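Text of the file coords.tsv, holding TSV, C-alpha atoms:
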```
chain	number	residue	atom	x	y	z
F	359	MET	CA	-1.13	-211.23	-28.51
F	360	THR	CA	-3.18	-213.89	-26.82
F	361	ASP	CA	-6.44	-215.76	-27.16
F	362	ALA	CA	-8.60	-216.61	-24.18
F	363	ALA	CA	-8.65	-220.24	-23.16
F	364	ASN	CA	-11.85	-222.05	-22.35
F	365	SER	CA	-13.07	-221.04	-18.91
F	366	PRO	CA	-13.95	-223.78	-16.40
F	367	GLY	CA	-17.70	-224.09	-16.17
F	368	ALA	CA	-18.35	-222.29	-19.46
F	369	GLU	CA	-20.20	-224.12	-22.23
F	370	SER	CA	-18.04	-222.68	-25.00
F	371	ALA	CA	-14.85	-220.74	-25.49
F	372	ALA	CA	-14.89	-217.20	-24.16
F	373	PRO	CA	-14.59	-214.33	-26.65
F	374	ARG	CA	-11.06	-213.56	-27.79
F	375	LEU	CA	-9.12	-211.24	-25.52
F	376	VAL	CA	-7.93	-208.16	-27.38
F	377	THR	CA	-5.07	-206.51	-25.50
F	378	ALA	CA	-3.45	-203.10	-25.47
F	379	CYS	CA	-0.58	-201.16	-23.96
F	380	VAL	CA	-0.62	-197.42	-23.28
F	381	VAL	CA	2.69	-195.55	-23.53
F	382	LEU	CA	2.68	-192.08	-21.96
F	383	ILE	CA	5.59	-190.09	-23.36
F	384	GLY	CA	6.90	-186.94	-21.70
F	385	ASP	CA	9.46	-185.63	-19.25
F	386	GLU	CA	6.74	-183.39	-17.80
F	387	ILE	CA	4.83	-186.42	-16.51
F	388	LEU	CA	7.88	-188.01	-14.92
F	389	SER	CA	8.88	-184.72	-13.27
F	390	GLY	CA	5.43	-184.29	-11.73
F	391	ARG	CA	4.84	-181.01	-13.56
F	392	THR	CA	1.91	-182.53	-15.48
F	393	ARG	CA	-0.62	-184.81	-13.84
F	394	ASP	CA	-1.67	-187.51	-16.29
F	395	SER	CA	-5.37	-188.13	-16.88
F	396	ASN	CA	-5.03	-189.87	-20.24
F	397	LEU	CA	-4.42	-193.42	-19.01
F	398	SER	CA	-7.68	-193.66	-17.07
F	399	TYR	CA	-9.68	-192.21	-19.95
F	400	ILE	CA	-8.10	-194.51	-22.55
F	401	ALA	CA	-8.50	-197.64	-20.40
F	402	LYS	CA	-12.18	-196.97	-19.69
F	403	HIS	CA	-12.91	-196.10	-23.31
F	404	LEU	CA	-11.20	-199.21	-24.64
F	405	ASN	CA	-12.84	-201.51	-22.12
F	406	GLN	CA	-16.25	-200.41	-23.40
F	407	ILE	CA	-15.39	-201.78	-26.84
F	408	GLY	CA	-13.69	-204.94	-25.63
F	409	VAL	CA	-10.03	-203.93	-25.68
F	410	GLN	CA	-8.23	-204.67	-22.42
F	411	VAL	CA	-5.34	-202.45	-21.32
F	412	ARG	CA	-2.82	-204.91	-19.87
F	413	GLU	CA	0.15	-202.62	-19.37
F	414	ALA	CA	1.06	-198.93	-19.21
F	415	ARG	CA	4.47	-197.28	-19.43
F	416	VAL	CA	5.54	-193.72	-18.61
F	417	ILE	CA	8.74	-192.90	-20.47
F	418	PRO	CA	10.88	-189.80	-21.09
F	419	ASP	CA	11.41	-187.82	-24.28
F	420	VAL	CA	14.44	-189.92	-25.16
F	421	GLU	CA	14.50	-191.38	-28.67
F	422	GLU	CA	16.35	-194.58	-27.75
F	423	THR	CA	13.86	-195.30	-24.98
F	424	ILE	CA	10.83	-194.64	-27.17
F	425	VAL	CA	12.16	-196.87	-29.96
F	426	SER	CA	12.99	-199.71	-27.56
F	427	VAL	CA	9.68	-199.59	-25.68
F	428	ILE	CA	7.54	-199.33	-28.83
F	429	ASN	CA	9.25	-202.27	-30.49
F	430	GLU	CA	8.82	-204.33	-27.32
F	431	VAL	CA	5.15	-203.65	-26.68
F	432	ARG	CA	3.90	-203.65	-30.30
F	433	ALA	CA	5.09	-207.25	-30.56
F	434	LYS	CA	3.42	-208.18	-27.29
F	435	TYR	CA	-0.05	-206.62	-27.58
F	436	ASP	CA	-2.77	-206.27	-30.21
F	437	TYR	CA	-2.73	-202.47	-29.98
F	438	VAL	CA	-0.40	-199.79	-28.65
F	439	PHE	CA	-1.58	-196.25	-27.88
F	440	THR	CA	0.89	-193.44	-27.28
F	441	THR	CA	0.27	-189.93	-25.98
F	442	GLY	CA	2.57	-186.93	-26.09
F	443	GLY	CA	5.47	-185.58	-28.09
F	444	ILE	CA	3.85	-184.73	-31.43
F	445	GLY	CA	3.75	-180.93	-31.12
F	446	PRO	CA	5.75	-178.20	-32.90
F	447	THR	CA	8.75	-177.83	-30.58
F	448	HIS	CA	12.25	-179.32	-30.64
F	449	ASP	CA	11.47	-181.79	-27.84
F	450	ASP	CA	8.50	-183.28	-29.69
F	451	ILE	CA	10.35	-186.33	-30.98
F	452	THR	CA	7.71	-189.06	-30.85
F	453	ALA	CA	7.01	-189.15	-34.60
F	454	ASP	CA	10.72	-189.47	-35.42
F	455	ALA	CA	11.16	-192.20	-32.83
F	456	ILE	CA	8.15	-194.16	-34.11
F	457	ALA	CA	9.50	-193.93	-37.67
F	458	ARG	CA	12.82	-195.27	-36.45
F	459	ALA	CA	11.10	-198.09	-34.53
F	460	PHE	CA	9.41	-199.21	-37.76
F	461	GLY	CA	12.49	-198.61	-39.86
F	462	VAL	CA	10.81	-196.16	-42.24
F	463	PRO	CA	11.61	-192.58	-43.31
F	464	ILE	CA	9.63	-189.59	-42.08
F	465	GLY	CA	8.62	-186.45	-43.94
F	466	HIS	CA	5.89	-183.91	-44.48
F	467	HIS	CA	2.60	-185.64	-45.25
F	468	ALA	CA	0.72	-183.92	-48.08
F	469	GLU	CA	-2.73	-184.35	-46.52
F	470	ALA	CA	-1.51	-183.22	-43.10
F	471	ILE	CA	0.10	-180.14	-44.67
F	472	ALA	CA	-3.17	-179.31	-46.45
F	473	ILE	CA	-5.21	-179.72	-43.25
F	474	LEU	CA	-2.93	-177.45	-41.23
F	475	ASP	CA	-2.54	-174.88	-44.02
F	476	ALA	CA	-6.32	-174.55	-44.30
F	477	HIS	CA	-6.63	-174.30	-40.52
F	478	TYR	CA	-4.11	-171.47	-40.18
F	479	ARG	CA	-5.55	-169.62	-43.15
F	480	GLN	CA	-8.96	-169.77	-41.49
F	481	THR	CA	-7.75	-168.75	-38.05
F	482	GLY	CA	-5.30	-166.11	-39.28
F	483	GLY	CA	-2.28	-167.81	-37.77
F	484	GLU	CA	1.06	-168.13	-39.50
F	485	PHE	CA	1.90	-171.60	-40.79
F	486	THR	CA	5.48	-171.51	-39.57
F	487	GLU	CA	8.21	-174.08	-40.08
F	488	ALA	CA	7.77	-175.09	-36.45
F	489	ARG	CA	4.08	-175.76	-37.00
F	490	LYS	CA	4.90	-177.74	-40.13
F	491	ARG	CA	6.69	-180.19	-37.82
F	492	MET	CA	3.24	-181.40	-36.83
F	493	ALA	CA	2.71	-182.60	-40.42
F	494	ARG	CA	5.78	-184.85	-40.35
F	495	ILE	CA	4.44	-188.41	-40.51
F	496	PRO	CA	6.28	-191.75	-40.88
F	497	GLU	CA	6.05	-193.25	-44.35
F	498	GLY	CA	3.16	-195.70	-44.65
F	499	ALA	CA	1.22	-194.26	-41.71
F	500	THR	CA	-2.42	-193.18	-41.92
F	501	LEU	CA	-3.70	-190.03	-40.25
F	502	ILE	CA	-5.87	-189.86	-37.13
F	503	GLU	CA	-8.33	-187.00	-37.41
F	504	ASN	CA	-8.16	-184.17	-34.87
F	505	PRO	CA	-11.40	-182.15	-35.09
F	506	LEU	CA	-10.31	-179.86	-32.25
F	507	SER	CA	-6.93	-178.36	-33.14
F	508	LYS	CA	-6.50	-180.05	-36.55
F	509	ALA	CA	-2.90	-181.29	-36.15
F	510	PRO	CA	-3.39	-185.02	-36.81
F	511	GLY	CA	-2.17	-188.06	-35.02
F	512	PHE	CA	-1.26	-191.17	-36.98
F	513	GLN	CA	-1.43	-194.94	-37.06
F	514	ILE	CA	1.35	-197.19	-38.27
F	515	GLY	CA	0.93	-200.92	-37.91
F	516	ASN	CA	-0.81	-201.59	-34.60
F	517	VAL	CA	0.51	-198.36	-33.02
F	518	PHE	CA	-1.72	-195.30	-32.62
F	519	VAL	CA	0.09	-192.03	-31.90
F	520	MET	CA	-1.95	-189.29	-30.23
F	521	ALA	CA	-1.47	-185.89	-28.63
F	522	GLY	CA	-0.75	-185.50	-24.93
F	523	VAL	CA	-3.26	-182.69	-24.29
F	524	PRO	CA	-6.27	-184.55	-22.82
F	525	MET	CA	-8.99	-182.78	-24.82
F	526	VAL	CA	-7.13	-183.35	-28.07
F	527	MET	CA	-6.27	-186.95	-27.19
F	528	GLN	CA	-9.93	-187.66	-26.49
F	529	VAL	CA	-11.18	-186.48	-29.88
F	530	MET	CA	-8.38	-188.41	-31.58
F	531	LEU	CA	-9.38	-191.55	-29.68
F	532	ASP	CA	-12.99	-191.06	-30.80
F	533	SER	CA	-11.78	-190.65	-34.38
F	534	LEU	CA	-9.74	-193.86	-34.43
F	535	THR	CA	-12.19	-196.09	-32.53
F	536	PRO	CA	-13.96	-197.43	-35.66
F	537	ARG	CA	-10.61	-198.95	-36.72
F	538	LEU	CA	-10.43	-201.13	-33.61
F	539	GLU	CA	-11.64	-204.70	-33.37
F	540	GLY	CA	-12.85	-205.45	-29.87
F	541	GLY	CA	-13.18	-208.73	-28.08
F	542	ALA	CA	-14.25	-209.78	-24.61
F	543	THR	CA	-15.39	-206.95	-22.35
F	544	MET	CA	-14.07	-206.95	-18.79
F	545	GLN	CA	-16.82	-206.99	-16.16
F	546	SER	CA	-16.67	-206.68	-12.39
F	547	ARG	CA	-18.49	-207.60	-9.21
F	548	THR	CA	-17.84	-206.18	-5.73
F	549	VAL	CA	-18.61	-207.87	-2.42
F	550	SER	CA	-17.69	-206.16	0.86
F	551	GLY	CA	-17.71	-207.14	4.52
F	552	GLN	CA	-16.69	-205.80	7.91
F	553	ILE	CA	-13.61	-207.92	8.36
F	554	GLY	CA	-9.89	-207.32	8.03
F	555	GLU	CA	-8.22	-208.63	4.88
F	556	GLY	CA	-5.54	-210.33	6.96
F	557	THR	CA	-8.20	-212.54	8.54
F	558	ILE	CA	-9.47	-213.83	5.21
F	559	ALA	CA	-6.18	-213.75	3.28
F	560	GLU	CA	-5.46	-217.50	3.39
F	561	LYS	CA	-8.99	-218.54	2.38
F	562	LEU	CA	-9.06	-215.82	-0.29
F	563	GLY	CA	-5.87	-217.21	-1.79
F	564	GLU	CA	-7.45	-220.65	-1.98
F	565	LEU	CA	-10.49	-219.12	-3.65
F	566	GLN	CA	-8.32	-217.41	-6.26
F	567	LYS	CA	-6.80	-220.78	-7.16
F	568	ARG	CA	-10.32	-222.16	-7.71
F	569	PHE	CA	-11.09	-219.34	-10.15
F	570	PRO	CA	-7.87	-218.64	-12.09
F	571	ASP	CA	-9.76	-216.78	-14.84
F	572	VAL	CA	-11.23	-214.29	-12.38
F	573	VAL	CA	-8.96	-211.61	-10.91
F	574	ILE	CA	-9.80	-211.08	-7.23
F	575	GLY	CA	-8.54	-207.89	-5.59
F	576	SER	CA	-8.70	-207.08	-1.89
F	577	TYR	CA	-9.13	-203.45	-0.80
F	578	PRO	CA	-9.38	-202.39	2.88
F	579	TYR	CA	-11.73	-199.53	3.75
F	580	TYR	CA	-12.35	-197.37	6.80
F	581	ARG	CA	-15.64	-195.69	7.68
F	582	GLY	CA	-15.31	-193.77	10.92
F	583	LYS	CA	-14.67	-196.34	13.65
F	584	SER	CA	-15.62	-199.31	11.44
F	585	PHE	CA	-13.40	-201.01	8.93
F	586	GLY	CA	-13.69	-203.82	6.45
F	587	THR	CA	-12.61	-205.17	3.10
F	588	SER	CA	-14.03	-204.78	-0.39
F	589	LEU	CA	-13.36	-207.72	-2.68
F	590	VAL	CA	-13.44	-206.77	-6.35
F	591	LEU	CA	-13.74	-209.55	-8.91
F	592	ARG	CA	-12.96	-208.92	-12.60
F	593	GLY	CA	-13.34	-211.22	-15.58
F	594	VAL	CA	-14.78	-211.60	-19.06
F	595	ASP	CA	-17.13	-214.54	-18.40
F	596	PRO	CA	-20.24	-213.27	-16.54
F	597	VAL	CA	-21.35	-216.78	-15.53
F	598	LEU	CA	-17.97	-217.60	-14.01
F	599	LEU	CA	-17.84	-214.14	-12.43
F	600	ASP	CA	-21.19	-214.65	-10.70
F	601	GLU	CA	-20.07	-218.07	-9.49
F	602	ALA	CA	-16.90	-216.60	-8.00
F	603	ALA	CA	-18.84	-213.75	-6.37
F	604	GLY	CA	-21.12	-216.34	-4.76
F	605	ALA	CA	-18.08	-218.14	-3.41
F	606	VAL	CA	-16.80	-214.85	-1.94
F	607	ARG	CA	-20.12	-214.28	-0.22
F	608	SER	CA	-19.96	-217.79	1.23
F	609	LEU	CA	-16.41	-217.17	2.41
F	610	LEU	CA	-17.48	-214.07	4.34
F	611	GLU	CA	-20.48	-215.85	5.83
F	612	GLY	CA	-18.13	-218.62	6.97
F	613	PHE	CA	-16.40	-216.00	9.12
F	614	GLY	CA	-19.73	-214.82	10.52
F	615	VAL	CA	-19.73	-211.66	8.38
F	616	GLU	CA	-22.74	-210.44	6.43
F	617	PRO	CA	-21.77	-209.82	2.78
F	618	ILE	CA	-22.52	-206.36	1.36
F	619	GLU	CA	-23.17	-206.08	-2.37
F	620	GLY	CA	-20.95	-203.38	-3.84
F	621	GLU	CA	-18.98	-200.79	-1.91
F	622	PRO	CA	-20.06	-200.05	1.69
F	623	ALA	CA	-22.11	-196.91	2.28
```
In structure tokens, what does this structure look like?
Amino acid sequence: MTDAANSPGAESAAPRLVTACVVLIGDEILSGRTRDSNLSYIAKHLNQIGVQVREARVIPDVEETIVSVINEVRAKYDYVFTTGGIGPTHDDITADAIARAFGVPIGHHAEAIAILDAHYRQTGGEFTEARKRMARIPEGATLIENPLSKAPGFQIGNVFVMAGVPMVMQVMLDSLTPRLEGGATMQSRTVSGQIGEGTIAEKLGELQKRFPDVVIGSYPYYRGKSFGTSLVLRGVDPVLLDEAAGAVRSLLEGFGVEPIEGEPA
């Protein structure tokens, strides 16, 4: 967990950086059977409220691995968001692993049982023992509402445990968002030019050293027979970001290249 230092050129300290890690749990992701869309959605959603995703892990349905990774990242970041492994089947072991990571027992949660019982009574489904697994919550955790399929997620400490199904994960994320305290929001600027990145690499490296609090990425592009490079600048201080973008434009002009604002057409 880190605080932002004062940015060069800024009149006052930048807003506090609030950081997060996303842990995607599931053998089906690692095998390629399921294509993940949750990471992109979570990262964009969190950025809008000033929570920066600084790391993502994709890990298997192995209890030892889940316990180890969760204990590592929950100590390192302000928030941890997990997806996957909280369903009714034998391989849904995330809740048990999270309980073990926090060193607490796990059992049927009275409120979760009531929510699911009412849901299956209404829909005519049988509230089987397998389905009751979805009401097993680590002791001390609070529920995350699931307006779509009712089986709740949960929060324990700074860890938020959500479903892997994208539609369900999204409504859970909406439900838990009011609990989050945001900080500085990451912003970006893009400057492009018809020049190879190898040509500007040395000067670009020098520019990055001048602006250590702005992340400068270089991305080649090809448009028919023409090619060039898009330079994407990301940071939390808009004044510093604009200053760095101006320096990038000057760099391109120094090579006789006309800067293009944004991505090339």
So the first atom is atom CA of F:Arg458 and the second is atom CA of F:Glu430; what is the distance between them in Å, to one decimal place? 13.5 Å
Please provide the set of residues having any atom within 9 Å of F:Leu609, restricted to only C-alpha atoms, with same-chain residues fewer than 3 positions apart removed, written as an NGL selection string. :F and (558 or 561-562 or 565 or 604-606 or 612-613 or 615)
Could you turn the residues from that selection into a file that holds C-alpha atoms, as an mmCIF file, keeping the file's coordinate frame?
```cif
data_model
loop_
_atom_site.group_PDB
_atom_site.id
_atom_site.type_symbol
_atom_site.label_atom_id
_atom_site.label_comp_id
_atom_site.auth_asym_id
_atom_site.auth_seq_id
_atom_site.Cartn_x
_atom_site.Cartn_y
_atom_site.Cartn_z
ATOM 1 C CA ILE F 558 -9.470 -213.830 5.210
ATOM 2 C CA LYS F 561 -8.990 -218.540 2.380
ATOM 3 C CA LEU F 562 -9.060 -215.820 -0.290
ATOM 4 C CA LEU F 565 -10.490 -219.120 -3.650
ATOM 5 C CA GLY F 604 -21.120 -216.340 -4.760
ATOM 6 C CA ALA F 605 -18.080 -218.140 -3.410
ATOM 7 C CA VAL F 606 -16.800 -214.850 -1.940
ATOM 8 C CA GLY F 612 -18.130 -218.620 6.970
ATOM 9 C CA PHE F 613 -16.400 -216.000 9.120
ATOM 10 C CA VAL F 615 -19.730 -211.660 8.380
#
```
Of the candidates F:Glu611, F:Asp595, F:Asp571, F:Glu487, which one gets nearest to F:Leu474 if we count only C-alpha atoms?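 Of F:Glu611, F:Asp595, F:Asp571, F:Glu487, the one nearest F:Leu474, counting only C-alpha atoms, is F:Glu487.
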Between atom CA of F:Pro617 and atom CA of F:Gly551 - distance in Å to one decimal: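 Going from atom CA of F:Gly551 over to atom CA of F:Pro617, I get 5.2 Å.
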Restricting the calculation to all atoms listed in the file, which member of F:Gln566, F:Ser584, F:Asn504, F:Thr548 is positioned closest to F:Ala470?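 Ranking F:Gln566, F:Ser584, F:Asn504, F:Thr548 by distance to F:Ala470, first place goes to F:Asn504.
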Give me, as a VMD selection string, all polymer residues having an atom no more than 8 Å from F:Gly620, counting only C-alpha atoms and skipping those fewer than 6 positions away in the same chain. chain F and resid 547 to 550 588
For the selection you just gave me, I'd like the residues written to a file as a compact mmCIF listing (two decimals), in the coordinates of the input, keeping C-alpha atoms.
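Contents of selection30.txt, freshly written:
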```txt
# COMPACT_ATOMS: atom_id res chain seq x y z
CA ARG F 547 -18.49 -207.60 -9.21
CA THR F 548 -17.84 -206.18 -5.73
CA VAL F 549 -18.61 -207.87 -2.42
CA SER F 550 -17.69 -206.16 0.86
CA SER F 588 -14.03 -204.78 -0.39
```
So that I can check the surroundings of stretch 575-577 of chain F, please list as a list in words every protein, DNA and RNA residue that reaches within 9 Å of it, counting all atoms listed in the file and ignoring chain neighbours fewer than 5 positions away.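 Non-adjacent residues within range: Glu555, Ala559, Leu562, Gly586, Thr587, Ser588, Leu589, Val590, Leu591 and Arg592 of chain F.
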Could you pull the residues within 8 Å of F:Leu501, counting only C-alpha atoms, minus those fewer than 4 positions along the same chain, as a list in words?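 Here the answer would be Ala470, Pro510, Gly511, Phe512 and Gln513 of chain F.
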Considering all atoms listed in the file, state which residue in the set F:Arg568, F:Arg491, F:Ile444, F:Phe585 is at the smallest distance from F:Ile553.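 Selected residue with least distance to F:Ile553: F:Phe585.
Restricting the calculation to only C-alpha atoms, the smallest distance between F:Ile473 and any of F:Leu404, F:Leu397, F:Asp454, F:Ala509 is found for F:Ala509.
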Quick one: contact table of stretch 374-397 of chain F to stretch 519-529 of chain F, 12 Å max, nearest atom pair and distance in Å to one decimal per residue, counting only C-alpha atoms, chain and number order, as CSV?
```
residue,atom,partner,partner_atom,distance
F:Val380,CA,F:Val519,CA,10.2
F:Val381,CA,F:Val519,CA,9.4
F:Leu382,CA,F:Gly522,CA,8.0
F:Ile383,CA,F:Gly522,CA,8.0
F:Gly384,CA,F:Gly522,CA,8.4
F:Asp385,CA,F:Gly522,CA,11.7
F:Glu386,CA,F:Gly522,CA,10.6
F:Ile387,CA,F:Gly522,CA,10.1
F:Thr392,CA,F:Val523,CA,10.2
F:Arg393,CA,F:Pro524,CA,10.6
F:Asp394,CA,F:Pro524,CA,8.5
F:Ser395,CA,F:Pro524,CA,7.0
F:Asn396,CA,F:Pro524,CA,6.0
F:Leu397,CA,F:Pro524,CA,9.8
```
Expressed in Å to a single decimal, how great is the separation between atom CA of F:Gln410 and atom CA of F:Leu388?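 If I compute the distance from atom CA of F:Gln410 to atom CA of F:Leu388, I get 24.4 Å.
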Distance criterion (all atoms listed in the file): nearest to F:Val462 out of F:Lys583, F:Glu413, F:Ser389, F:Ile495: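 Going through F:Lys583, F:Glu413, F:Ser389, F:Ile495 one by one, the smallest distance to F:Val462 is for F:Ile495.
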Repair of stretch 371-400 of chain F at the level of N, CA and C atoms, as a PDB file, in the coordinates of the input:
```
ATOM      1  N   ALA F 371     -16.006-221.608 -25.667  1.00  0.00           N
ATOM      2  CA  ALA F 371     -14.850-220.740 -25.490  1.00  0.00           C
ATOM      3  C   ALA F 371     -15.293-219.299 -25.281  1.00  0.00           C
ATOM      4  N   ALA F 372     -14.598-218.612 -24.396  1.00  0.00           N
ATOM      5  CA  ALA F 372     -14.890-217.200 -24.160  1.00  0.00           C
ATOM      6  C   ALA F 372     -14.464-216.392 -25.368  1.00  0.00           C
ATOM      7  N   PRO F 373     -15.016-215.183 -25.544  1.00  0.00           N
ATOM      8  CA  PRO F 373     -14.590-214.330 -26.650  1.00  0.00           C
ATOM      9  C   PRO F 373     -13.095-214.058 -26.579  1.00  0.00           C
ATOM     10  N   ARG F 374     -12.494-213.811 -27.734  1.00  0.00           N
ATOM     11  CA  ARG F 374     -11.060-213.560 -27.790  1.00  0.00           C
ATOM     12  C   ARG F 374     -10.702-212.318 -26.990  1.00  0.00           C
ATOM     13  N   LEU F 375      -9.619-212.399 -26.252  1.00  0.00           N
ATOM     14  CA  LEU F 375      -9.120-211.240 -25.520  1.00  0.00           C
ATOM     15  C   LEU F 375      -8.301-210.371 -26.469  1.00  0.00           C
ATOM     16  N   VAL F 376      -8.672-209.116 -26.577  1.00  0.00           N
ATOM     17  CA  VAL F 376      -7.930-208.160 -27.380  1.00  0.00           C
ATOM     18  C   VAL F 376      -7.200-207.246 -26.401  1.00  0.00           C
ATOM     19  N   THR F 377      -5.884-207.177 -26.511  1.00  0.00           N
ATOM     20  CA  THR F 377      -5.070-206.510 -25.500  1.00  0.00           C
ATOM     21  C   THR F 377      -4.406-205.251 -26.028  1.00  0.00           C
ATOM     22  N   ALA F 378      -4.062-204.372 -25.099  1.00  0.00           N
ATOM     23  CA  ALA F 378      -3.450-203.100 -25.470  1.00  0.00           C
ATOM     24  C   ALA F 378      -2.454-202.665 -24.409  1.00  0.00           C
ATOM     25  N   CYS F 379      -1.524-201.828 -24.858  1.00  0.00           N
ATOM     26  CA  CYS F 379      -0.580-201.160 -23.960  1.00  0.00           C
ATOM     27  C   CYS F 379      -0.681-199.660 -24.222  1.00  0.00           C
ATOM     28  N   VAL F 380      -0.632-198.873 -23.165  1.00  0.00           N
ATOM     29  CA  VAL F 380      -0.620-197.420 -23.280  1.00  0.00           C
ATOM     30  C   VAL F 380       0.767-196.922 -22.907  1.00  0.00           C
ATOM     31  N   VAL F 381       1.353-196.116 -23.784  1.00  0.00           N
ATOM     32  CA  VAL F 381       2.690-195.550 -23.530  1.00  0.00           C
ATOM     33  C   VAL F 381       2.542-194.034 -23.419  1.00  0.00           C
ATOM     34  N   LEU F 382       2.769-193.515 -22.226  1.00  0.00           N
ATOM     35  CA  LEU F 382       2.680-192.080 -21.960  1.00  0.00           C
ATOM     36  C   LEU F 382       4.084-191.500 -22.083  1.00  0.00           C
ATOM     37  N   ILE F 383       4.260-190.611 -23.053  1.00  0.00           N
ATOM     38  CA  ILE F 383       5.590-190.090 -23.360  1.00  0.00           C
ATOM     39  C   ILE F 383       5.706-188.633 -22.915  1.00  0.00           C
ATOM     40  N   GLY F 384       6.706-188.337 -22.081  1.00  0.00           N
ATOM     41  CA  GLY F 384       6.900-186.940 -21.700  1.00  0.00           C
ATOM     42  C   GLY F 384       7.656-186.761 -20.407  1.00  0.00           C
ATOM     43  N   ASP F 385       8.712-185.955 -20.463  1.00  0.00           N
ATOM     44  CA  ASP F 385       9.460-185.630 -19.250  1.00  0.00           C
ATOM     45  C   ASP F 385       8.582-184.929 -18.224  1.00  0.00           C
ATOM     46  N   GLU F 386       7.588-184.163 -18.712  1.00  0.00           N
ATOM     47  CA  GLU F 386       6.740-183.390 -17.800  1.00  0.00           C
ATOM     48  C   GLU F 386       5.897-184.273 -16.902  1.00  0.00           C
ATOM     49  N   ILE F 387       5.580-185.493 -17.352  1.00  0.00           N
ATOM     50  CA  ILE F 387       4.830-186.420 -16.510  1.00  0.00           C
ATOM     51  C   ILE F 387       5.739-187.001 -15.447  1.00  0.00           C
ATOM     52  N   LEU F 388       6.935-187.401 -15.861  1.00  0.00           N
ATOM     53  CA  LEU F 388       7.880-188.010 -14.920  1.00  0.00           C
ATOM     54  C   LEU F 388       8.366-187.016 -13.871  1.00  0.00           C
ATOM     55  N   SER F 389       8.426-185.727 -14.223  1.00  0.00           N
ATOM     56  CA  SER F 389       8.880-184.720 -13.270  1.00  0.00           C
ATOM     57  C   SER F 389       7.792-184.312 -12.291  1.00  0.00           C
ATOM     58  N   GLY F 390       6.550-184.687 -12.589  1.00  0.00           N
ATOM     59  CA  GLY F 390       5.430-184.290 -11.730  1.00  0.00           C
ATOM     60  C   GLY F 390       4.813-182.964 -12.133  1.00  0.00           C
ATOM     61  N   ARG F 391       5.374-182.315 -13.134  1.00  0.00           N
ATOM     62  CA  ARG F 391       4.840-181.010 -13.560  1.00  0.00           C
ATOM     63  C   ARG F 391       3.443-181.157 -14.159  1.00  0.00           C
ATOM     64  N   THR F 392       3.218-182.268 -14.869  1.00  0.00           N
ATOM     65  CA  THR F 392       1.910-182.530 -15.480  1.00  0.00           C
ATOM     66  C   THR F 392       1.320-183.781 -14.855  1.00  0.00           C
ATOM     67  N   ARG F 393       0.088-183.663 -14.405  1.00  0.00           N
ATOM     68  CA  ARG F 393      -0.620-184.810 -13.840  1.00  0.00           C
ATOM     69  C   ARG F 393      -1.371-185.518 -14.957  1.00  0.00           C
ATOM     70  N   ASP F 394      -1.048-186.781 -15.178  1.00  0.00           N
ATOM     71  CA  ASP F 394      -1.670-187.510 -16.290  1.00  0.00           C
ATOM     72  C   ASP F 394      -3.121-187.881 -15.987  1.00  0.00           C
ATOM     73  N   SER F 395      -3.982-187.661 -16.969  1.00  0.00           N
ATOM     74  CA  SER F 395      -5.370-188.130 -16.880  1.00  0.00           C
ATOM     75  C   SER F 395      -5.714-189.005 -18.083  1.00  0.00           C
ATOM     76  N   ASN F 396      -4.755-189.147 -18.995  1.00  0.00           N
ATOM     77  CA  ASN F 396      -5.030-189.870 -20.240  1.00  0.00           C
ATOM     78  C   ASN F 396      -5.191-191.368 -20.045  1.00  0.00           C
ATOM     79  N   LEU F 397      -4.384-191.961 -19.172  1.00  0.00           N
ATOM     80  CA  LEU F 397      -4.420-193.420 -19.010  1.00  0.00           C
ATOM     81  C   LEU F 397      -5.800-193.891 -18.585  1.00  0.00           C
ATOM     82  N   SER F 398      -6.365-193.255 -17.559  1.00  0.00           N
ATOM     83  CA  SER F 398      -7.680-193.660 -17.070  1.00  0.00           C
ATOM     84  C   SER F 398      -8.735-193.541 -18.162  1.00  0.00           C
ATOM     85  N   TYR F 399      -8.689-192.433 -18.894  1.00  0.00           N
ATOM     86  CA  TYR F 399      -9.680-192.210 -19.950  1.00  0.00           C
ATOM     87  C   TYR F 399      -9.546-193.273 -21.044  1.00  0.00           C
ATOM     88  N   ILE F 400      -8.324-193.537 -21.485  1.00  0.00           N
ATOM     89  CA  ILE F 400      -8.100-194.510 -22.550  1.00  0.00           C
ATOM     90  C   ILE F 400      -8.553-195.899 -22.101  1.00  0.00           C
TER      91      ILE F 400
END
```
